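Here is the structure we will look at, set down as structure tokens.
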Amino acid sequence: MIFFQTLFHEIIGFLGISRLIEICKTGDYKVLLTLNGIFSVISPLIPFLLLLEIGRAIFYKRFKIEDYKMPFFIFVANRFISRFISIAAVAFCIGVLEKYALFGTSLKWYWFIYGYVIWEFSHFIYHYFGHKVRLFWCLHSTHHAPETMNLSVTYAHFFLEAPYADVVRTSICILMGVNPPLLFIIMFIDGTWGAFIHVGENLIKDGRLGFLNNIILTPSHHRVHHAKNPLYMDTNFCNLLNIWDKVFGTFQHEKREMKIEYGISRDVNPNNFLDVYFGELYGLWKDMVKAPGIKNKLLYIVMPPGWSHTGEHKTARVVKRAWVEENKESVHLVKEVVEG
Ligand SMILES: [Zn+2]
Ligand SMILES: [Zn+2]
């Protein structure tokens, strides 16, 4: 009995409908007009889209259990640890740093825009270093290991990544004066959109979303981010407003002539939980053991993935450059890489 009760609570929790159920029970529908009420309506959106995506895949006989198995295991493994560490990390950063904020902001619309731009900047910083510093890549690569794209990928993260991401993002935002209530609203919107951009081709074939593709970061851009094609590697780090990718030169549109290959460049078994979860950490450990001298060992931790003490680097930059060299005849593709 307890098992079924726990399972029921887990499912309600996953679907994000506990607050909605409470509102229905009390009959106090006016709550829906408050910010909390709006959150309670939007929260179930992504879990339901995920179910719809799975439903469609089953209907069109495209459902493959492997596409969902690993993110599901990771979600369950993270369920009890990650969330609480992350909430504690956010609370800690706010408590410690709020008094050092450059200035104060309020819940006015213009501060909301300011806050969102700062939030995107902080997200860019966390995400960029998640790809460019080997230790942080060990945390982030779990999210990139799946070799297909669907909404379940949004739940696939190494359990220590959320605290790392939240410490970086919260610290920058709080120091830049984004006040906590404003920050929570932005985090909610960002979390919802950040999940939605993992929508698979089973649900939305063309992720460009029409004209939106030229204004904001769409599922198409995030599919590019999850690709291991040399041209696409280490691009599109933003989440909703891709201004910082444009500022820092990491912006990349999806090219119709280049089919996305999802996953990471390391040889990984996407169906092996241990490999997906700890494979990069193990690889880093092996490289450190092999490296001569303490300096080289430490460099492995902070240099980009693919850096080698022998000088034979296989970083994303080196791989991309080699690809450009090999594909000189595809001028229209190359031109963009060189300019970008
Ligand atoms: Zn990433
Ligand atoms: Zn992603």
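Labeling convention for the structure tokens: chains A, B, ... as they appear, residues from 1 per chain, ligands from 1 in order of appearance.
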Long-range neighbours of A:Gly200 as an mmCIF file with N, CA and C atoms, in the first residue's frame, 12 Å cut-off, only C-alpha atoms, 3 positions minimum in chain:
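result_25.cif, freshly written:
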```
data_model
loop_
_atom_site.group_PDB
_atom_site.id
_atom_site.type_symbol
_atom_site.label_atom_id
_atom_site.label_comp_id
_atom_site.auth_asym_id
_atom_site.auth_seq_id
_atom_site.Cartn_x
_atom_site.Cartn_y
_atom_site.Cartn_z
ATOM 1 N N LEU A 49 3.591 17.379 -22.357
ATOM 2 C CA LEU A 49 4.142 17.348 -23.726
ATOM 3 C C LEU A 49 4.989 16.096 -23.917
ATOM 4 N N LEU A 50 5.747 15.736 -22.872
ATOM 5 C CA LEU A 50 6.574 14.522 -22.940
ATOM 6 C C LEU A 50 5.683 13.292 -23.151
ATOM 7 N N LEU A 51 4.581 13.222 -22.404
ATOM 8 C CA LEU A 51 3.668 12.094 -22.562
ATOM 9 C C LEU A 51 3.059 12.092 -23.969
ATOM 10 N N LEU A 52 2.724 13.287 -24.461
ATOM 11 C CA LEU A 52 2.164 13.406 -25.805
ATOM 12 C C LEU A 52 3.179 12.926 -26.849
ATOM 13 N N GLU A 53 4.431 13.338 -26.605
ATOM 14 C CA GLU A 53 5.510 12.952 -27.529
ATOM 15 C C GLU A 53 5.655 11.427 -27.566
ATOM 16 N N ILE A 54 5.636 10.810 -26.377
ATOM 17 C CA ILE A 54 5.745 9.346 -26.311
ATOM 18 C C ILE A 54 4.516 8.712 -26.982
ATOM 19 N N ARG A 56 2.587 9.908 -29.346
ATOM 20 C CA ARG A 56 2.672 10.038 -30.810
ATOM 21 C C ARG A 56 3.656 9.041 -31.393
ATOM 22 N N ALA A 57 4.790 8.906 -30.679
ATOM 23 C CA ALA A 57 5.820 7.969 -31.156
ATOM 24 C C ALA A 57 5.251 6.550 -31.186
ATOM 25 N N ARG A 62 7.037 4.680 -33.958
ATOM 26 C CA ARG A 62 8.432 5.130 -33.952
ATOM 27 C C ARG A 62 9.013 5.050 -32.550
ATOM 28 N N PHE A 63 8.222 4.541 -31.609
ATOM 29 C CA PHE A 63 8.676 4.519 -30.223
ATOM 30 C C PHE A 63 9.772 3.479 -30.024
ATOM 31 N N ASP A 67 15.333 5.223 -26.520
ATOM 32 C CA ASP A 67 15.351 6.689 -26.598
ATOM 33 C C ASP A 67 14.974 7.330 -25.266
ATOM 34 N N TYR A 68 14.287 6.584 -24.429
ATOM 35 C CA TYR A 68 13.776 7.160 -23.190
ATOM 36 C C TYR A 68 14.369 6.534 -21.928
ATOM 37 N N GLU A 147 21.665 9.887 -27.772
ATOM 38 C CA GLU A 147 21.895 9.994 -29.215
ATOM 39 C C GLU A 147 20.609 10.241 -30.005
ATOM 40 N N THR A 148 19.569 10.614 -29.274
ATOM 41 C CA THR A 148 18.344 11.084 -29.928
ATOM 42 C C THR A 148 17.897 12.319 -29.160
ATOM 43 N N MET A 149 16.900 13.017 -29.705
ATOM 44 C CA MET A 149 16.396 14.183 -28.984
ATOM 45 C C MET A 149 14.912 14.003 -28.716
ATOM 46 N N ASN A 150 14.548 14.119 -27.463
ATOM 47 C CA ASN A 150 13.137 14.136 -27.084
ATOM 48 C C ASN A 150 13.046 14.805 -25.713
ATOM 49 N N LEU A 151 11.838 15.072 -25.270
ATOM 50 C CA LEU A 151 11.662 15.855 -24.037
ATOM 51 C C LEU A 151 12.246 15.192 -22.795
ATOM 52 N N SER A 152 12.447 13.880 -22.835
ATOM 53 C CA SER A 152 13.009 13.234 -21.643
ATOM 54 C C SER A 152 14.471 13.648 -21.423
ATOM 55 N N VAL A 153 15.144 14.091 -22.492
ATOM 56 C CA VAL A 153 16.555 14.505 -22.365
ATOM 57 C C VAL A 153 16.686 15.669 -21.375
ATOM 58 N N THR A 154 15.640 16.435 -21.244
ATOM 59 C CA THR A 154 15.689 17.575 -20.328
ATOM 60 C C THR A 154 15.905 17.121 -18.870
ATOM 61 N N ALA A 195 13.239 23.441 -20.945
ATOM 62 C CA ALA A 195 12.782 22.054 -21.103
ATOM 63 C C ALA A 195 12.150 21.880 -22.478
ATOM 64 N N PHE A 196 11.333 22.852 -22.880
ATOM 65 C CA PHE A 196 10.599 22.740 -24.150
ATOM 66 C C PHE A 196 11.531 22.629 -25.358
ATOM 67 N N ILE A 197 12.682 23.302 -25.317
ATOM 68 C CA ILE A 197 13.563 23.273 -26.493
ATOM 69 C C ILE A 197 14.154 21.881 -26.739
ATOM 70 N N LEU A 203 7.369 15.125 -32.192
ATOM 71 C CA LEU A 203 6.287 16.045 -31.829
ATOM 72 C C LEU A 203 6.307 17.299 -32.715
ATOM 73 N N ILE A 204 7.488 17.870 -32.876
ATOM 74 C CA ILE A 204 7.615 19.043 -33.757
ATOM 75 C C ILE A 204 8.776 18.774 -34.718
ATOM 76 N N LYS A 205 8.412 18.511 -35.959
ATOM 77 C CA LYS A 205 9.440 18.080 -36.928
ATOM 78 C C LYS A 205 10.446 19.198 -37.173
ATOM 79 N N ASP A 206 9.920 20.356 -37.560
ATOM 80 C CA ASP A 206 10.810 21.484 -37.822
ATOM 81 C C ASP A 206 10.843 22.358 -36.567
ATOM 82 N N GLY A 207 11.983 22.319 -35.880
ATOM 83 C CA GLY A 207 12.091 23.039 -34.598
ATOM 84 C C GLY A 207 12.343 24.522 -34.760
ATOM 85 N N PRO A 219 13.863 25.256 -30.499
ATOM 86 C CA PRO A 219 14.311 23.852 -30.415
ATOM 87 C C PRO A 219 15.345 23.523 -31.484
ATOM 88 N N SER A 220 15.205 24.136 -32.663
ATOM 89 C CA SER A 220 16.171 23.893 -33.738
ATOM 90 C C SER A 220 17.585 24.277 -33.290
ATOM 91 N N HIS A 222 18.681 24.479 -30.260
ATOM 92 C CA HIS A 222 19.174 23.605 -29.191
ATOM 93 C C HIS A 222 19.510 22.210 -29.723
ATOM 94 N N ARG A 223 18.820 21.795 -30.801
ATOM 95 C CA ARG A 223 19.194 20.524 -31.441
ATOM 96 C C ARG A 223 20.622 20.642 -31.981
ATOM 97 N N HIS A 226 23.101 20.156 -29.304
ATOM 98 C CA HIS A 226 23.279 18.763 -28.878
ATOM 99 C C HIS A 226 23.970 17.907 -29.944
ATOM 100 N N TYR A 262 23.184 13.451 -33.014
ATOM 101 C CA TYR A 262 23.161 13.755 -31.584
ATOM 102 C C TYR A 262 24.197 12.934 -30.823
#
```
- Message: Within 8 Å of ligand 1 (counting only C-alpha atoms and all ligand atoms), which residues show up? I'd like them as a PyMOL selection string.
- Response: chain A and resi 127-128+130-131+140-141+143-144+225-226+234+237
Write a file of the selected residues as an mmCIF file, in the first residue's frame, keeping N, CA and C atoms.
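Now in part.cif:
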```cif
data_model
loop_
_atom_site.group_PDB
_atom_site.id
_atom_site.type_symbol
_atom_site.label_atom_id
_atom_site.label_comp_id
_atom_site.auth_asym_id
_atom_site.auth_seq_id
_atom_site.Cartn_x
_atom_site.Cartn_y
_atom_site.Cartn_z
ATOM 1 N N HIS A 127 27.119 27.639 -18.890
ATOM 2 C CA HIS A 127 27.026 26.628 -19.942
ATOM 3 C C HIS A 127 28.314 26.572 -20.773
ATOM 4 N N TYR A 128 28.867 27.765 -21.056
ATOM 5 C CA TYR A 128 30.108 27.839 -21.835
ATOM 6 C C TYR A 128 31.230 27.083 -21.105
ATOM 7 N N GLY A 130 30.811 24.869 -18.890
ATOM 8 C CA GLY A 130 30.412 23.459 -18.843
ATOM 9 C C GLY A 130 30.942 22.687 -20.033
ATOM 10 N N HIS A 131 31.211 23.410 -21.136
ATOM 11 C CA HIS A 131 31.751 22.767 -22.335
ATOM 12 C C HIS A 131 33.254 22.948 -22.467
ATOM 13 N N HIS A 140 28.498 18.041 -17.158
ATOM 14 C CA HIS A 140 27.514 18.423 -18.180
ATOM 15 C C HIS A 140 27.320 17.349 -19.252
ATOM 16 N N SER A 141 28.321 16.511 -19.473
ATOM 17 C CA SER A 141 28.277 15.584 -20.625
ATOM 18 C C SER A 141 27.143 14.569 -20.514
ATOM 19 N N HIS A 143 24.191 15.133 -19.926
ATOM 20 C CA HIS A 143 23.057 15.727 -20.641
ATOM 21 C C HIS A 143 23.223 15.600 -22.163
ATOM 22 N N HIS A 144 24.468 15.508 -22.606
ATOM 23 C CA HIS A 144 24.727 15.451 -24.053
ATOM 24 C C HIS A 144 24.881 14.028 -24.576
ATOM 25 N N HIS A 225 22.879 22.526 -30.731
ATOM 26 C CA HIS A 225 23.765 22.488 -29.558
ATOM 27 C C HIS A 225 24.062 21.046 -29.123
ATOM 28 N N HIS A 226 23.101 20.156 -29.304
ATOM 29 C CA HIS A 226 23.279 18.763 -28.878
ATOM 30 C C HIS A 226 23.970 17.907 -29.944
ATOM 31 N N ASP A 234 29.890 22.954 -29.759
ATOM 32 C CA ASP A 234 30.107 24.130 -28.923
ATOM 33 C C ASP A 234 29.499 25.408 -29.497
ATOM 34 N N PHE A 237 24.831 28.378 -26.758
ATOM 35 C CA PHE A 237 24.856 28.107 -25.311
ATOM 36 C C PHE A 237 23.681 28.757 -24.571
#
```
Using only C-alpha atoms, find each residue in stretch 79-194 of chain A having at least one atom no more than 12 Å away from stretch 266-287 of chain A; report its shortest atom-to-atom pair and that distance in Å (one decimal), rows by chain then rising number, as a tab-separated table.
```
residue	atom	partner	partner_atom	distance
A:Val133	CA	A:Leu284	CA	11.3
A:Arg134	CA	A:Leu284	CA	7.6
A:Leu135	CA	A:Leu281	CA	7.7
A:Phe136	CA	A:Leu281	CA	9.8
A:Trp137	CA	A:Glu280	CA	7.7
A:Cys138	CA	A:Glu280	CA	5.0
A:Leu139	CA	A:Leu281	CA	8.1
A:His140	CA	A:Glu280	CA	9.4
A:Ser141	CA	A:Glu280	CA	7.2
A:Thr142	CA	A:Tyr277	CA	5.5
A:His143	CA	A:Val276	CA	8.7
A:His144	CA	A:Val276	CA	9.1
A:Ala145	CA	A:Val276	CA	6.2
A:Pro146	CA	A:Pro270	CA	6.0
A:Glu147	CA	A:Pro270	CA	7.0
A:Thr148	CA	A:Pro270	CA	9.9
A:Ala156	CA	A:Tyr277	CA	9.4
A:His157	CA	A:Tyr277	CA	8.3
A:Phe158	CA	A:Tyr277	CA	6.4
A:Phe159	CA	A:Tyr277	CA	9.2
A:Leu160	CA	A:Tyr277	CA	10.9
A:Glu161	CA	A:Tyr277	CA	11.4
```
- Hey, can you check how far atom CA of A:Ile65 sits from atom CA of A:Gly263? 17.1 Å
- Task: Show which residues sit within 8 Å of A:Val168, as a ChimeraX atom specification. Count only C-alpha atoms, and ignore same-chain residues fewer than 2 positions away.
- Result: /A:122,125-126,164-166,170-172
- Task: For stretch 246-258 of chain A, work out the shell of residues within 10 Å, counting only C-alpha atoms and skipping chain neighbours fewer than 3 positions away, then give it as a ChimeraX atom specification.
- Result: /A:124,128,207-208,213-214,217-218,220-225,229,231-238,241-243,261,333,336-337,339-340
- Message: At a cut-off of 12 Å, using only C-alpha atoms, what residues contact A:Leu298? Leave out same-chain residues fewer than 2 positions from it and give the result as a list of chain:residue names.
- Response: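 Contacts, in chain order: A:Val133, A:Arg134, A:Leu135, A:Leu284, A:Trp285, A:Asp287, A:Met288, A:Val289, A:Lys290, A:Ala291, A:Pro292, A:Gly293, A:Ile294, A:Lys295, A:Asn296, A:Tyr300, A:Ile301, A:Val302, A:Met303, A:Trp307, A:Ser308, A:His309.
For the set A:Trp111, A:Trp193, A:Phe92, A:Phe75, the residue with the smallest atom-to-atom gap to ligand 2 is A:Trp193, counting only C-alpha atoms and all ligand atoms.
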- Task: Apply DSSP to the backbone of this structure and, from stretch 88-155 of chain A, keep only the residues in alpha helix (DSSP H); write these as a PyMOL selection string.
- Result: chain A and resi 88-97+109-132+134-144
- Note on the structure: Min atom-atom distance to ligand 2 from the set A:Cys173, A:Tyr155, A:Phe188, A:Lys228, counting only C-alpha atoms and all ligand atoms, belongs to A:Tyr155
- May I ask which of the residues A:Val199, A:Leu107, A:Leu209, A:Ile216 is the closest one to ligand 2, counting only C-alpha atoms and all ligand atoms? A:Val199
- Query: So how many Å separate atom CA of A:Val96 and atom CA of A:Leu240, to one decimal?
  - Reply: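 These atoms are spaced 28.1 Å apart.
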- Item | Length of the atom CA of A:Tyr116 to atom CA of A:Ile186 vector [Å] | 6.4 Å
